[in-house]
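Asks: Got a structure for you, written out below as structure tokens; questions coming shortly.
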Amino acid sequence: MGRLLPKAELHVHIEGTLEPELVVGLARRNGVTLPADGVDGLRARYRFEGLQSFLDVLNANMAVLRTERDFYDMTLGYLRRARDNGVRRAEIFFDLQAHLARGVPMDAVFDGLAAAVADGERELGVSAALLLCIVRDRGPEEAERVLREAIRRHRDRFIGIGLASAELGHPPSLFREVYAIAAAEGLRRTVHAGEEGPPGYVREALDLLGAERIDHGIRAMEDPDLVARLRAERVPLTVCPLSNVRLGIVPSLREHPLPAMLRANLMVTVNSDNPAYVGGYAEDNYRALRDELGLDPTTLATIAANSFDAAFLDPETRARFQ
Ligand code: ADE
Ligand code: ZN
């Protein structure tokens, strides 16, 4: 464990860290009926054909999250596994709207997540922070309302916002007002773009939403002018190789654009996205790049250094890492 590369994880959805054993345990604790029986039954459903088929399974399993304690257990469990993967800093997305839609009180979500973040720092030595992730297919009006409410009641508990879920048909341009509210509050801004969506969505994220990072961004490689811009502006891209393969976004790791992104001198970071569903945590992604794509130790160290540079940290805190 001691020889793992220290790294920051900048793209992880806390709901995507719910291991099947915990899904089953929470279902029992909360009297929730699952769409499949037991751990093996759940795992049998983890065959995805694109983003939507994954989101359907993710959302079904999320139904087990009901109480503050559930959010706490899920998050501390993730932070333990992250620490064991060499993660020193984690910036964690949470799907607040999805939980509110099931009738979970906003306070239960924030209280559980924030308590785990605090305990994770103290007990595990992992620096962690929360990113409220807008559920784009629920539309901009709800997003705006929920963000305003979260700011009013829990502003000090999250450092920024993201935009995720079904990408196609839900372009960044719809969320201009949401991102303007976040910017005015001093919240950091990142956007999922160019995972399934076209390069134009990446441009919109930068130009219309003021995105400071792009989550995924792999389809930017289809547009040479955009690649040149991402390089010139040193825009961090939070790439998730194992996730892309498991969700069927790219056919295999060998065909993943990550090596081409590195050759283009883009600011690439490597992340797990939804580690309980896609076959691995942060170090598993780094290891796959080494073993299956032959990335050398220097390149992997550069990726890890990028992850700290791209983290939403002030320079003084940044200096404490690596
Ligand atoms: N929500 C959880 N994982 C996601 C992903 N890879 N893309 C979009 N939304 C997500
Ligand atoms: Zn994601």
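By convention in this document, the chains of the structure tokens carry letters A, B, ... by their order, each chain's residues are numbered from 1, and ligands are numbered from 1 in the order they are shown.
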Collect all residues with atoms no farther than 8 Å from ligand 2, counting only C-alpha atoms and all ligand atoms, and output them as JSON, numbers by chain.

Replies: {"A": [11, 12, 13, 164, 165, 192, 215, 216, 240, 273, 274]}

Asks: Take the selection from the previous step and output its residues with C-alpha atoms, as a short mmCIF file (atom, residue, chain, number, x, y, z; two decimals), in the first residue's frame.

Replies:
```cif
data_model
loop_
_atom_site.label_atom_id
_atom_site.label_comp_id
_atom_site.auth_asym_id
_atom_site.auth_seq_id
_atom_site.Cartn_x
_atom_site.Cartn_y
_atom_site.Cartn_z
CA HIS A 11 -14.43 12.63 -10.54
CA VAL A 12 -16.33 10.21 -8.36
CA HIS A 13 -20.09 9.99 -7.79
CA ALA A 164 -24.15 15.02 -14.91
CA SER A 165 -26.63 12.25 -15.84
CA HIS A 192 -19.67 16.52 -17.59
CA ASP A 215 -15.49 15.76 -16.69
CA HIS A 216 -14.66 13.08 -19.30
CA CYS A 240 -12.40 7.77 -16.35
CA ASP A 273 -16.37 7.79 -11.76
CA ASN A 274 -18.54 4.99 -10.29
#
```

Asks: Compile a residue-level contact table for region 91-137 of chain A against region 177-191 of chain A at a cut-off of 10 Å, reporting for every qualifying residue the shortest atom pair and its distance in Å to one decimal, with only C-alpha atoms counted, rows ordered by chain and ascending number, as JSON lines.

Replies:
```
{"residue": "A:Leu131", "atom": "CA", "partner": "A:Arg188", "partner_atom": "CA", "distance": 8.4}
{"residue": "A:Leu132", "atom": "CA", "partner": "A:Arg189", "partner_atom": "CA", "distance": 9.8}
{"residue": "A:Cys133", "atom": "CA", "partner": "A:Val191", "partner_atom": "CA", "distance": 9.0}
{"residue": "A:Ile134", "atom": "CA", "partner": "A:Val178", "partner_atom": "CA", "distance": 9.0}
```

Asks: Report as a PyMOL selection string all protein, DNA and RNA residues lying within 12 Å of Ala128 (chain A), evaluated on only C-alpha atoms, omitting residues in the same chain fewer than 3 positions from it.

Replies: chain A and resi 8-10+12+14+75-76+78-80+82-83+87-93+113-122+124-125+131+157-159+311-313

Asks: What does the file look like for those residues with N, CA and C atoms, as an mmCIF file, in the first residue's frame?

Replies:
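Output file selection26.cif is given in full below:
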```cif
data_model
loop_
_atom_site.group_PDB
_atom_site.id
_atom_site.type_symbol
_atom_site.label_atom_id
_atom_site.label_comp_id
_atom_site.auth_asym_id
_atom_site.auth_seq_id
_atom_site.Cartn_x
_atom_site.Cartn_y
_atom_site.Cartn_z
ATOM 1 N N ALA A 8 -5.060 12.679 -6.328
ATOM 2 C CA ALA A 8 -6.364 13.255 -6.020
ATOM 3 C C ALA A 8 -7.391 12.592 -6.926
ATOM 4 N N GLU A 9 -8.551 12.329 -6.374
ATOM 5 C CA GLU A 9 -9.663 11.811 -7.181
ATOM 6 C C GLU A 9 -10.676 12.946 -7.325
ATOM 7 N N LEU A 10 -10.869 13.382 -8.575
ATOM 8 C CA LEU A 10 -11.673 14.576 -8.836
ATOM 9 C C LEU A 10 -13.009 14.256 -9.482
ATOM 10 N N VAL A 12 -15.731 11.409 -8.951
ATOM 11 C CA VAL A 12 -16.334 10.211 -8.361
ATOM 12 C C VAL A 12 -17.726 10.588 -7.857
ATOM 13 N N ILE A 14 -20.685 9.735 -5.457
ATOM 14 C CA ILE A 14 -20.768 8.954 -4.225
ATOM 15 C C ILE A 14 -21.787 7.821 -4.355
ATOM 16 N N THR A 75 -20.371 7.110 2.460
ATOM 17 C CA THR A 75 -19.256 8.032 2.187
ATOM 18 C C THR A 75 -17.996 7.634 2.939
ATOM 19 N N LEU A 76 -18.134 7.240 4.199
ATOM 20 C CA LEU A 76 -16.940 6.819 4.932
ATOM 21 C C LEU A 76 -16.372 5.537 4.319
ATOM 22 N N TYR A 78 -16.476 4.705 1.177
ATOM 23 C CA TYR A 78 -15.717 5.134 -0.012
ATOM 24 C C TYR A 78 -14.365 5.710 0.397
ATOM 25 N N LEU A 79 -14.350 6.579 1.402
ATOM 26 C CA LEU A 79 -13.096 7.244 1.778
ATOM 27 C C LEU A 79 -12.055 6.224 2.260
ATOM 28 N N ARG A 80 -12.505 5.164 2.924
ATOM 29 C CA ARG A 80 -11.564 4.101 3.330
ATOM 30 C C ARG A 80 -10.939 3.444 2.112
ATOM 31 N N ALA A 82 -10.790 4.669 -0.885
ATOM 32 C CA ALA A 82 -9.992 5.671 -1.600
ATOM 33 C C ALA A 82 -8.601 5.765 -0.970
ATOM 34 N N ARG A 83 -8.556 5.840 0.361
ATOM 35 C CA ARG A 83 -7.255 5.888 1.044
ATOM 36 C C ARG A 83 -6.410 4.672 0.662
ATOM 37 N N VAL A 87 -5.443 7.650 -2.548
ATOM 38 C CA VAL A 87 -6.115 8.951 -2.720
ATOM 39 C C VAL A 87 -5.892 9.806 -1.472
ATOM 40 N N ARG A 88 -5.329 11.000 -1.682
ATOM 41 C CA ARG A 88 -5.080 11.923 -0.559
ATOM 42 C C ARG A 88 -6.099 13.054 -0.527
ATOM 43 N N ARG A 89 -6.736 13.247 -1.668
ATOM 44 C CA ARG A 89 -7.721 14.319 -1.796
ATOM 45 C C ARG A 89 -8.855 13.776 -2.673
ATOM 46 N N ALA A 90 -10.115 13.926 -2.211
ATOM 47 C CA ALA A 90 -11.262 13.450 -2.997
ATOM 48 C C ALA A 90 -12.281 14.571 -3.111
ATOM 49 N N GLU A 91 -12.698 14.861 -4.328
ATOM 50 C CA GLU A 91 -13.763 15.843 -4.563
ATOM 51 C C GLU A 91 -14.953 15.060 -5.102
ATOM 52 N N ILE A 92 -16.012 15.013 -4.324
ATOM 53 C CA ILE A 92 -17.039 13.974 -4.452
ATOM 54 C C ILE A 92 -18.371 14.570 -4.904
ATOM 55 N N PHE A 93 -18.889 14.064 -6.034
ATOM 56 C CA PHE A 93 -20.212 14.475 -6.504
ATOM 57 C C PHE A 93 -21.312 13.781 -5.704
ATOM 58 N N LEU A 113 -23.365 13.242 4.622
ATOM 59 C CA LEU A 113 -22.168 13.421 3.789
ATOM 60 C C LEU A 113 -21.107 14.233 4.529
ATOM 61 N N ALA A 114 -21.538 15.335 5.135
ATOM 62 C CA ALA A 114 -20.572 16.246 5.766
ATOM 63 C C ALA A 114 -19.911 15.594 6.980
ATOM 64 N N ALA A 115 -20.654 14.803 7.736
ATOM 65 C CA ALA A 115 -20.065 14.126 8.902
ATOM 66 C C ALA A 115 -19.001 13.129 8.446
ATOM 67 N N ALA A 116 -19.270 12.416 7.356
ATOM 68 C CA ALA A 116 -18.284 11.444 6.853
ATOM 69 C C ALA A 116 -17.041 12.154 6.323
ATOM 70 N N VAL A 117 -17.241 13.284 5.642
ATOM 71 C CA VAL A 117 -16.099 14.054 5.144
ATOM 72 C C VAL A 117 -15.217 14.493 6.317
ATOM 73 N N ALA A 118 -15.841 14.978 7.375
ATOM 74 C CA ALA A 118 -15.075 15.428 8.552
ATOM 75 C C ALA A 118 -14.344 14.256 9.207
ATOM 76 N N ASP A 119 -15.039 13.130 9.390
ATOM 77 C CA ASP A 119 -14.404 11.959 10.016
ATOM 78 C C ASP A 119 -13.325 11.367 9.108
ATOM 79 N N GLY A 120 -13.561 11.417 7.811
ATOM 80 C CA GLY A 120 -12.565 10.903 6.861
ATOM 81 C C GLY A 120 -11.270 11.674 6.964
ATOM 82 N N GLU A 121 -11.386 12.980 7.091
ATOM 83 C CA GLU A 121 -10.179 13.807 7.243
ATOM 84 C C GLU A 121 -9.465 13.454 8.534
ATOM 85 N N ARG A 122 -10.237 13.381 9.620
ATOM 86 C CA ARG A 122 -9.640 13.180 10.940
ATOM 87 C C ARG A 122 -9.098 11.763 11.119
ATOM 88 N N LEU A 124 -8.835 9.198 8.700
ATOM 89 C CA LEU A 124 -8.144 8.534 7.584
ATOM 90 C C LEU A 124 -7.077 9.422 6.949
ATOM 91 N N GLY A 125 -7.105 10.708 7.259
ATOM 92 C CA GLY A 125 -6.138 11.621 6.650
ATOM 93 C C GLY A 125 -6.414 11.909 5.187
ATOM 94 N N LEU A 131 -19.156 18.187 -4.103
ATOM 95 C CA LEU A 131 -19.619 18.921 -5.285
ATOM 96 C C LEU A 131 -21.077 18.541 -5.541
ATOM 97 N N ARG A 157 -21.051 23.665 3.212
ATOM 98 C CA ARG A 157 -20.794 22.223 3.155
ATOM 99 C C ARG A 157 -20.451 21.705 1.765
ATOM 100 N N PHE A 158 -20.484 22.556 0.758
ATOM 101 C CA PHE A 158 -20.033 22.098 -0.565
ATOM 102 C C PHE A 158 -19.214 23.198 -1.205
ATOM 103 N N ILE A 159 -18.230 22.773 -2.022
ATOM 104 C CA ILE A 159 -17.289 23.757 -2.573
ATOM 105 C C ILE A 159 -17.588 24.100 -4.016
ATOM 106 N N ALA A 311 -7.103 20.077 -8.717
ATOM 107 C CA ALA A 311 -8.033 20.042 -7.583
ATOM 108 C C ALA A 311 -8.466 21.460 -7.222
ATOM 109 N N PHE A 312 -9.651 21.570 -6.658
ATOM 110 C CA PHE A 312 -10.152 22.875 -6.210
ATOM 111 C C PHE A 312 -9.560 23.188 -4.833
ATOM 112 N N LEU A 313 -8.252 23.518 -4.853
ATOM 113 C CA LEU A 313 -7.510 23.807 -3.623
ATOM 114 C C LEU A 313 -6.849 25.164 -3.775
#
```

Asks: If you run DSSP on this backbone, which residues of region 108-256 of chain A come out as strand (DSSP E), and could you give them as a list in words?

Replies: Ser127, Ala128, Ala129, Leu130, Leu131, Leu132, Cys133, Ile134, Val135, Gly160, Ile161, Gly162, Leu163, Ala164, Arg188, Arg189, Thr190, Val191, His192, Ala193, Arg213, Ile214, Asp215, His216, Pro236, Leu237, Thr238 and Val239 of chain A

Asks: How would the residues just picked look written out with C-alpha atoms as a CSV table (one decimal), in the first residue's frame?

Replies:
```
chain,number,residue,atom,x,y,z
A,127,SER,CA,-8.9,15.6,2.5
A,128,ALA,CA,-12.4,15.6,1.0
A,129,ALA,CA,-14.9,18.0,-0.3
A,130,LEU,CA,-18.4,17.9,-1.8
A,131,LEU,CA,-19.6,18.9,-5.3
A,132,LEU,CA,-23.4,19.3,-5.7
A,133,CYS,CA,-24.1,17.5,-9.0
A,134,ILE,CA,-27.0,18.8,-11.0
A,135,VAL,CA,-29.1,16.1,-12.6
A,160,GLY,CA,-18.7,23.6,-6.0
A,161,ILE,CA,-21.2,22.2,-8.5
A,162,GLY,CA,-21.1,19.6,-11.4
A,163,LEU,CA,-23.6,18.7,-14.1
A,164,ALA,CA,-24.1,15.0,-14.9
A,188,ARG,CA,-16.2,26.1,-8.2
A,189,ARG,CA,-17.7,24.8,-11.5
A,190,THR,CA,-17.1,21.6,-13.4
A,191,VAL,CA,-19.3,20.0,-16.1
A,192,HIS,CA,-19.7,16.5,-17.6
A,193,ALA,CA,-19.3,17.1,-21.3
A,213,ARG,CA,-12.7,21.5,-15.4
A,214,ILE,CA,-14.4,19.2,-17.9
A,215,ASP,CA,-15.5,15.8,-16.7
A,216,HIS,CA,-14.7,13.1,-19.3
A,236,PRO,CA,-8.2,19.8,-16.7
A,237,LEU,CA,-10.0,16.8,-18.0
A,238,THR,CA,-11.2,14.2,-15.5
A,239,VAL,CA,-10.9,11.1,-17.6
```

Asks: Determine, counting only C-alpha atoms, which protein, DNA and RNA residues have an atom within 8 Å of an atom of Ala60 (chain A); residues of the same chain fewer than 3 positions away are not included. Present the result as a VMD selection string.

Replies: chain A and resid 34 to 35 56 to 57 63
